[in-house]
Amino acid sequence: MILVNPKFAEHGETLAMKGLTLNCLGKKDEAYEFVRRGLRNDLKSHVCWHVYGLLQRSDKKYDEAIKCYRNALKLDKDNLQILRDLSLLQIQMRDLEGYRETRYQLLQLRPTQRASWIGYAIAYHLLKDYDTALRLLEEFRKTQQVPPNKIDYEYSELLLFQNDVMREGNLFQESLEHIEAYEKQICDQLKVEEIKGEMLLKLGRLEEAASVYRVLIDRNAENWSYYEGLEKALQPSTVEKRLQIYVEVGNINPRAVSPKRLPLNFLSGQKFREKIGKFLRVNFSKGCPPLFTTLKSLYSNQEKVAVIQELVTGYESSLKTCDLFSPNESGEKEPPTTLLWVRYFLAQHFDKLGKRALALEYINAAIESTPTLIELFYVKAKIYKHAGNLKEAAKWMDEAQSLDTADRFINSKCAKYMLRAGMIKEAEEMCSKFTREGTSSMDNLNEMQCMWFQTECATSYQSLGKYGDALKKCHEIERHFFEITDDQFDFHTYCMRKMTLRAYVDLLKLEDVLRRHSFYFKAARCAIEIYLKLHDNPLTNESQEQEVNSENLSAKELKKMLSKQRRAQKKAKLEEERRHAERERQQKNQKKRRDEEEEETSGPKEELVPEKLERIENPLEEAVKFLTPLKNLVADCIDTHLLAFEIYFRKGKFLLMLQSVKRAHAIDADNPWLHECLIRFSKAVSDHSNLHETINKVLTQEMKKIFAKKNYESFNEEFLKKKSNSVEHLLSGAKMMYFLDNSRQEKAISIATQLDETMSDRNVKTCTKVLEALLDGSFGSLQLQAEDYRTACHKLFPLATAFMPMANEDDKSPAMNNATINHDVLSNEI
């Protein structure tokens with residue numbers, strides 16, 4: 001009504017408020033138009049600038065919003081609401097210096113409010129000025145009227161946060177005195193005892209620390225960190241004294257597993273044999289499925305593995321004949337289930353040792369005796385997965401889930417195995433048993449941010465050559481991480497109001513390193529590899545490609561190709577119709593929910609279309625977007641720098657290539673992929689004659705440090721000699737030998753295809769890499785040698801699908817799809 005009046009039609013603040021209302025209704029363009037008009041008509045109004053900042057904030061343009069708020073504060077420096085809004089954006093963007101200043105202004109304006117003190121103290125804490133943070137917290141604590149004998153949750157949280165700041169500032173004595181002074185007013189008594197134990201250890205008061213850790217163990221005898229603390233406090237000088245600690249705890253807590261399990265880590269010889277024998281027998285008799293998982297960490301010691309194998313195989317043969325663990329024993333016979341769990345353990349044991357045929361024998365015997373136990377089929381699936389037969393693994397995992405279709409864990413495992421075997425549609429149907437009805441399971445899993453499914457889906461699409469679909473999943477995961485980062489906005493005021501300060505600071509620290517998570521790393525790596533492939537081999541127009549291919553075909557081959565195309569088109573048409581019907585149904589069911597979400601967020605997100613994603617104009621620029629968080633947060637992983645090198649190598653950025661190889665060299669100088677990168681980089685530098693003099697000088701100096709005055713041929717020869725017992729290293733060296741001199745093809749192939757027993761990493765994963773290299777042209781055209789190598793590997797790994805002989809030419813493509821399934825998958829749990 002105000003704007004209808006001609007006198008006030010151009011009133012700035014009213015126009016701005018109308019724009020804010022329109023923004024809440026989801027009319028973004030109109031909202032911006034009105035707010036900008038208002039701002040033009042009244043540049044001196046803090047309301048107009050504040051509203052403009054609110055619009056920018058709703059669109060996630062936080063930097064622009066901060067500028068608007070600062071302009072508003074120039075006009076009204078003591079406006080509480082603007083200061084609060086500005087402080088929220090500053091902590092969201094981690095502008096800690098600015099946040100401290102804003103919180104100080106709020107404290108001056110509202111010194112009686114709790115949030116003013118807490119916010120100012122947290123600002124100093126995040127800036128690592130612990131002394132000032134503690135002074136502020138103590139001043140605030142003194143204002144709290146809480147009787148000494150009363151427990152108040154919010155006051156308790158304040159005390160624990162105060163203690164956290166002391167410990168971060170290495171004020172151990174003050175922390176101990178503080179926790180002892182206020183322990184009766186703290187709700188979390190477990191945390192109090194843990195802090196006491198930790199501080200007493202730091203201060204060297206070992207006897208007191210030991211008594212604290214004994215109390216903690218009585219409270220929870222399965223927490224391994226308490227035993228570690230007790231050992232540090234008691235400082236046993238011999239293995240016998242160390243064992244005595246666990247014996248005493250075991251006598252007090254006879255049902256606890258940890259006092260019996262932990263000594264197995266440091267015992268050896270006859271004592272180990274006695275303890276492990278007793279431990280195994282008890283668990284076999286009980287029927288404890290996770291027994292192997294509990295002992296798996298011992299498998300790094302070959303002597304202990306030999307003892308375990310000798311004992312358990314002896315139990316198995318004795319139980320078969322006389323139902324006792326030893327034929328020399330007398331007493332109550334073991335039930336038939338004991339033999340079942342012994343075989344279950346042996347199957348996992350031999351699978352761990354790489355003896356898949358033997359592992360299958362034991363698990364098949366167990367299944368024959370008890371064909372209704374889910375765990376047996378689960379282990380059988382794992383054995384096939386480790387053996388390299390992902391299709392068979394998926395089949396047996398499906399068998400396991402069919403025994404209990406209401407079990408979400410086994411359902412998820414089955415879907416995961418199906419994705420790894422390239423059975424994406426079947427995996428989606430499997431997950432649909434636990435997703436919301438009326439929507440596509442893919443959409444529902446995306447909505448629920450089910451990232452394990454999406455990462456597996458992306459690698460599966462990648463291995464099948466469906467790059468658009470793989471990139472869609474990678475971008476969906478990237479969006480999840482953006483949303484998680486953005487969602488912290490709601491907690492900045494909530495946590496201070498509710499005094500959950502420890503959880504709030506932990507949240508801020510987590511958000512700072514969020515993209516270190518393995519889900520993001522897997523998605524980013526997958527996306528970067530695909531973008532590199534698309535840069536090297538851009539996708540062409542299918543019809544043009546077919547025309548070019550048809551010119552070189554005979555009449556019979558052309559007829560066969562056309563028939564194949566017709567079948568593919570018919571199948572694609574049916575699939576498209578099905579998708580269209582599914583999409584329409586989803587749109588009807590989800591329209592209302594989507595409209596509500598769009599009102600809350602900055603509008604509808606750009607749709608991820610696989611066809612557009614795989615035909616992107618600048619794949620390297622897209623790859624850099626995924627790479628940047630990895631360089632900042634996962635700099636301790638060599639793959640980050642090697643992926644960076646691959647991108648910069650294609651962009652021709654020599655100094656960035658140097659930076660990448662230097663960082664990778666500092667992490668692992670003998671990495672085989674790094675060796676390839678160094679040779680390629682060195683050759684590229686020597687071949688590039690028009691480099692700037694300064695750049696050339698820097699590159700030459702730095703490369704001398706790595707190559708130690710050797711040329712790249714002798715550097716490669718030395719690498720081959722040094723790593724002569726590793727298949728993966730020999731493959732990289734052989735590739736570079738052929739790369740530097742293709743006349744040495746025969747020598748390079750003989751090096752790459754070695755399968756001696758002395759090879760430390762002769763397994764399905766590395767041998768698959770060699771076979772792929774023989775087929776992808778890394779050594780030239782080598783169809784015959786590749787088939788010979790496949791046959792040799794098939795003898796070593798008869799269950800692996802990558803090495804199974806192919807019946808005819810048409811079967812090669814799918815077989816290679818199986819062969820190129822993500823290498824990490826094949827050895828993930830070996």
# chains A, B, ... in the order shown; residues from 1 in each chain; ligands from 1

call {"tool": "residues_around", "arguments": {"residues": "Pro290 in chain A", "least_positions_apart": "2", "cutoff": "12 Å", "atoms": "only C-alpha atoms", "output": "list in words"}}
result
Leu280, Asn283, Phe284, Lys286, Gly287, Cys288, Phe292, Thr293, Thr294, Leu295, Lys296, Trp341, Tyr344, Phe345, Gln348, Glu375 and Val379 of chain A

call {"tool": "residues_around", "arguments": {"residues": "Leu264 in chain A", "least_positions_apart": "3", "cutoff": "10 Å", "atoms": "only C-alpha atoms", "output": "PyMOL selection string"}}
result
chain A and resi 243+259-261+267-268+271-273+275-276+279+295+298+304

call {"tool": "write_last_selection", "arguments": {"atoms": "N, CA and C atoms", "output": "CSV table (one decimal), in the first residue's frame"}}
result
chain,number,residue,atom,x,y,z
A,243,LEU,N,52.6,-58.9,31.4
A,243,LEU,CA,51.5,-59.9,31.3
A,243,LEU,C,50.7,-60.0,32.6
A,259,PRO,N,41.5,-58.3,28.3
A,259,PRO,CA,42.7,-58.7,29.0
A,259,PRO,C,43.2,-60.1,28.5
A,260,LYS,N,42.4,-60.8,27.8
A,260,LYS,CA,42.9,-62.1,27.2
A,260,LYS,C,43.5,-61.8,25.8
A,261,ARG,N,42.9,-60.8,25.1
A,261,ARG,CA,43.3,-60.6,23.7
A,261,ARG,C,44.6,-59.7,23.6
A,267,LEU,N,53.3,-61.2,23.4
A,267,LEU,CA,53.8,-62.5,23.8
A,267,LEU,C,54.4,-63.2,22.6
A,268,SER,N,55.3,-64.1,22.9
A,268,SER,CA,55.9,-64.9,21.8
A,268,SER,C,56.3,-66.3,22.3
A,271,LYS,N,54.8,-69.2,25.5
A,271,LYS,CA,53.8,-68.5,26.2
A,271,LYS,C,52.6,-68.0,25.3
A,272,PHE,N,53.0,-67.6,24.1
A,272,PHE,CA,52.0,-67.2,23.1
A,272,PHE,C,51.2,-68.4,22.7
A,273,ARG,N,51.8,-69.5,22.5
A,273,ARG,CA,51.1,-70.7,22.1
A,273,ARG,C,50.0,-71.1,23.1
A,275,LYS,N,48.6,-69.1,25.4
A,275,LYS,CA,47.5,-68.1,25.5
A,275,LYS,C,46.6,-68.1,24.3
A,276,ILE,N,47.2,-68.2,23.1
A,276,ILE,CA,46.4,-68.2,21.9
A,276,ILE,C,45.5,-69.5,21.8
A,279,PHE,N,42.6,-69.0,24.1
A,279,PHE,CA,41.7,-68.0,23.6
A,279,PHE,C,40.9,-68.6,22.4
A,295,LEU,N,41.6,-61.3,15.7
A,295,LEU,CA,43.0,-61.7,15.6
A,295,LEU,C,43.8,-61.3,14.4
A,298,LEU,N,47.3,-59.8,14.2
A,298,LEU,CA,48.5,-60.6,14.5
A,298,LEU,C,49.1,-61.2,13.2
A,304,LYS,N,53.7,-66.1,14.5
A,304,LYS,CA,52.3,-66.2,15.2
A,304,LYS,C,51.3,-66.8,14.2

call {"tool": "residues_around", "arguments": {"residues": "Gly777 in chain A", "least_positions_apart": "6", "cutoff": "12 Å", "atoms": "only C-alpha atoms", "output": "list in words"}}
result
Lys735, Tyr738, Phe739, Asn742, Gln745, Ile749, Val770, Leu771, Gln783 and Ala786 of chain A

call {"tool": "residues_around", "arguments": {"residues": "Ser317 in chain A", "least_positions_apart": "5", "cutoff": "10 Å", "atoms": "only C-alpha atoms", "output": "ChimeraX atom specification"}}
result
/A:312,322-327,339

call {"tool": "write_last_selection", "arguments": {"atoms": "N, CA and C atoms", "output": "PDB file, in the first residue's frame"}}
result
ATOM      1  N   VAL A 312      44.892 -74.531  14.835  1.00  0.00           N
ATOM      2  CA  VAL A 312      43.510 -74.602  14.348  1.00  0.00           C
ATOM      3  C   VAL A 312      43.321 -75.787  13.392  1.00  0.00           C
ATOM      4  N   CYS A 322      37.061 -87.176  16.860  1.00  0.00           N
ATOM      5  CA  CYS A 322      36.631 -87.535  18.216  1.00  0.00           C
ATOM      6  C   CYS A 322      35.857 -86.446  18.956  1.00  0.00           C
ATOM      7  N   ASP A 323      35.470 -85.364  18.276  1.00  0.00           N
ATOM      8  CA  ASP A 323      34.694 -84.257  18.867  1.00  0.00           C
ATOM      9  C   ASP A 323      35.396 -83.607  20.054  1.00  0.00           C
ATOM     10  N   LEU A 324      36.738 -83.689  20.059  1.00  0.00           N
ATOM     11  CA  LEU A 324      37.532 -83.013  21.090  1.00  0.00           C
ATOM     12  C   LEU A 324      38.621 -82.170  20.400  1.00  0.00           C
ATOM     13  N   PHE A 325      39.135 -81.159  21.122  1.00  0.00           N
ATOM     14  CA  PHE A 325      40.174 -80.315  20.519  1.00  0.00           C
ATOM     15  C   PHE A 325      41.495 -81.064  20.347  1.00  0.00           C
ATOM     16  N   SER A 326      41.687 -82.091  21.138  1.00  0.00           N
ATOM     17  CA  SER A 326      42.896 -82.908  21.017  1.00  0.00           C
ATOM     18  C   SER A 326      42.539 -84.368  21.301  1.00  0.00           C
ATOM     19  N   PRO A 327      43.075 -85.303  20.518  1.00  0.00           N
ATOM     20  CA  PRO A 327      42.742 -86.723  20.756  1.00  0.00           C
ATOM     21  C   PRO A 327      43.248 -87.236  22.098  1.00  0.00           C
ATOM     22  N   LEU A 339      33.060 -77.465  15.379  1.00  0.00           N
ATOM     23  CA  LEU A 339      33.744 -77.784  14.125  1.00  0.00           C
ATOM     24  C   LEU A 339      33.357 -76.782  13.033  1.00  0.00           C
TER      25      LEU A 339
END

call {"tool": "residues_around", "arguments": {"residues": "Leu216 in chain A", "least_positions_apart": "2", "cutoff": "12 Å", "atoms": "only C-alpha atoms", "output": "VMD selection string"}}
result
chain A and resid 189 to 198 209 to 214 218 to 230 249

call {"tool": "write_last_selection", "arguments": {"atoms": "C-alpha atoms", "output": "compact mmCIF listing (two decimals), in the first residue's frame"}}
result
# COMPACT_ATOMS: atom_id res chain seq x y z
CA GLN A 189 31.95 -38.29 35.27
CA LEU A 190 33.59 -40.65 32.78
CA LYS A 191 35.23 -37.67 31.04
CA VAL A 192 36.39 -36.38 34.43
CA GLU A 193 38.23 -39.64 35.17
CA GLU A 194 39.73 -39.78 31.67
CA ILE A 195 41.06 -36.21 32.01
CA LYS A 196 42.50 -37.04 35.43
CA GLY A 197 44.32 -40.10 34.09
CA GLU A 198 45.69 -38.23 31.08
CA ALA A 209 47.46 -42.34 37.24
CA ALA A 210 47.54 -46.13 37.66
CA SER A 211 44.77 -46.04 40.27
CA VAL A 212 42.64 -43.82 37.99
CA TYR A 213 43.08 -46.17 35.03
CA ARG A 214 42.19 -49.17 37.21
CA ASP A 218 36.55 -51.58 36.19
CA ARG A 219 34.00 -49.33 34.57
CA ASN A 220 34.69 -50.54 30.99
CA ALA A 221 37.08 -53.49 30.68
CA GLU A 222 36.89 -53.50 26.85
CA ASN A 223 38.41 -50.05 26.21
CA TRP A 224 41.94 -50.68 24.86
CA SER A 225 43.09 -47.09 25.52
CA TYR A 226 42.64 -47.61 29.28
CA TYR A 227 45.06 -50.57 29.21
CA GLU A 228 47.53 -48.44 27.26
CA GLY A 229 47.29 -45.76 29.95
CA LEU A 230 47.70 -48.34 32.73
CA VAL A 249 42.60 -57.37 35.45

call {"tool": "closest_residue", "arguments": {"among": "A:Gly119, A:Lys662, A:Asp398, A:Glu676", "to": "Met703 in chain A", "atoms": "only C-alpha atoms"}}
result
A:Lys662

call {"tool": "residues_around", "arguments": {"residues": "Phe645 in chain A", "least_positions_apart": "6", "cutoff": "8 Å", "atoms": "only C-alpha atoms", "output": "number ranges by chain"}}
result
A: 656-657, 660-661, 677

call {"tool": "write_last_selection", "arguments": {"atoms": "all heavy atoms", "output": "PDB file, in the first residue's frame"}}
result
ATOM      1  N   LEU A 656      54.535 -26.027 -11.936  1.00  0.00           N
ATOM      2  CA  LEU A 656      53.560 -26.770 -11.130  1.00  0.00           C
ATOM      3  C   LEU A 656      53.822 -28.271 -11.210  1.00  0.00           C
ATOM      4  O   LEU A 656      53.593 -29.000 -10.241  1.00  0.00           O
ATOM      5  CB  LEU A 656      52.137 -26.447 -11.595  1.00  0.00           C
ATOM      6  CG  LEU A 656      51.647 -25.038 -11.234  1.00  0.00           C
ATOM      7  CD1 LEU A 656      50.328 -24.737 -11.924  1.00  0.00           C
ATOM      8  CD2 LEU A 656      51.499 -24.890  -9.723  1.00  0.00           C
ATOM      9  N   MET A 657      54.302 -28.740 -12.364  1.00  0.00           N
ATOM     10  CA  MET A 657      54.708 -30.156 -12.480  1.00  0.00           C
ATOM     11  C   MET A 657      55.857 -30.441 -11.525  1.00  0.00           C
ATOM     12  O   MET A 657      55.862 -31.456 -10.812  1.00  0.00           O
ATOM     13  CB  MET A 657      55.170 -30.463 -13.907  1.00  0.00           C
ATOM     14  CG  MET A 657      54.086 -30.683 -14.925  1.00  0.00           C
ATOM     15  SD  MET A 657      54.812 -31.286 -16.450  1.00  0.00           S
ATOM     16  CE  MET A 657      54.609 -29.864 -17.488  1.00  0.00           C
ATOM     17  N   SER A 660      54.678 -30.662  -7.979  1.00  0.00           N
ATOM     18  CA  SER A 660      53.962 -31.918  -7.716  1.00  0.00           C
ATOM     19  C   SER A 660      54.917 -33.084  -7.515  1.00  0.00           C
ATOM     20  O   SER A 660      54.775 -33.859  -6.562  1.00  0.00           O
ATOM     21  CB  SER A 660      52.993 -32.219  -8.871  1.00  0.00           C
ATOM     22  OG  SER A 660      52.060 -31.175  -9.023  1.00  0.00           O
ATOM     23  N   VAL A 661      55.912 -33.219  -8.407  1.00  0.00           N
ATOM     24  CA  VAL A 661      56.832 -34.370  -8.286  1.00  0.00           C
ATOM     25  C   VAL A 661      57.730 -34.226  -7.057  1.00  0.00           C
ATOM     26  O   VAL A 661      58.084 -35.221  -6.426  1.00  0.00           O
ATOM     27  CB  VAL A 661      57.676 -34.590  -9.572  1.00  0.00           C
ATOM     28  CG1 VAL A 661      56.797 -35.007 -10.725  1.00  0.00           C
ATOM     29  CG2 VAL A 661      58.518 -33.385  -9.923  1.00  0.00           C
ATOM     30  N   CYS A 677      56.205 -40.584 -13.765  1.00  0.00           N
ATOM     31  CA  CYS A 677      56.030 -39.129 -13.863  1.00  0.00           C
ATOM     32  C   CYS A 677      57.370 -38.416 -13.989  1.00  0.00           C
ATOM     33  O   CYS A 677      57.516 -37.463 -14.768  1.00  0.00           O
ATOM     34  CB  CYS A 677      55.270 -38.601 -12.644  1.00  0.00           C
ATOM     35  SG  CYS A 677      53.562 -39.157 -12.547  1.00  0.00           S
TER      36      CYS A 677
END

call {"tool": "closest_residue", "arguments": {"among": "A:Ser440, A:Trp673, A:Phe489, A:Arg790", "to": "Gln90 in chain A", "atoms": "only C-alpha atoms"}}
result
A:Phe489

call {"tool": "select_by_dssp", "arguments": {"residues": "range 21-155 of chain A", "states": "alpha helix (DSSP H)", "output": "ChimeraX atom specification"}}
result
/A:21-24,28-41,46-58,62-75,80-92,96-109,114-126,130-142,153-155

call {"tool": "residues_around", "arguments": {"residues": "Lys721 in chain A", "least_positions_apart": "4", "cutoff": "12 Å", "atoms": "only C-alpha atoms", "output": "ChimeraX atom specification"}}
result
/A:714-717,725-726,729-730,733-734,751

call {"tool": "closest_residue", "arguments": {"among": "A:Leu534, A:Leu340, A:Val505, A:Ala415", "to": "Ser285 in chain A", "atoms": "only C-alpha atoms"}}
result
A:Leu340

call {"tool": "closest_atom_pairs", "arguments": {"of": "range 30-142 of chain A", "to": "range 157-164 of chain A", "cutoff": "9 Å", "atoms": "only C-alpha atoms", "output": "CSV"}}
result
residue,atom,partner,partner_atom,distance
A:Ala133,CA,A:Gln162,CA,8.6
A:Leu134,CA,A:Gln162,CA,6.6
A:Leu137,CA,A:Gln162,CA,6.8
A:Glu138,CA,A:Gln162,CA,8.0
A:Arg141,CA,A:Leu158,CA,7.8
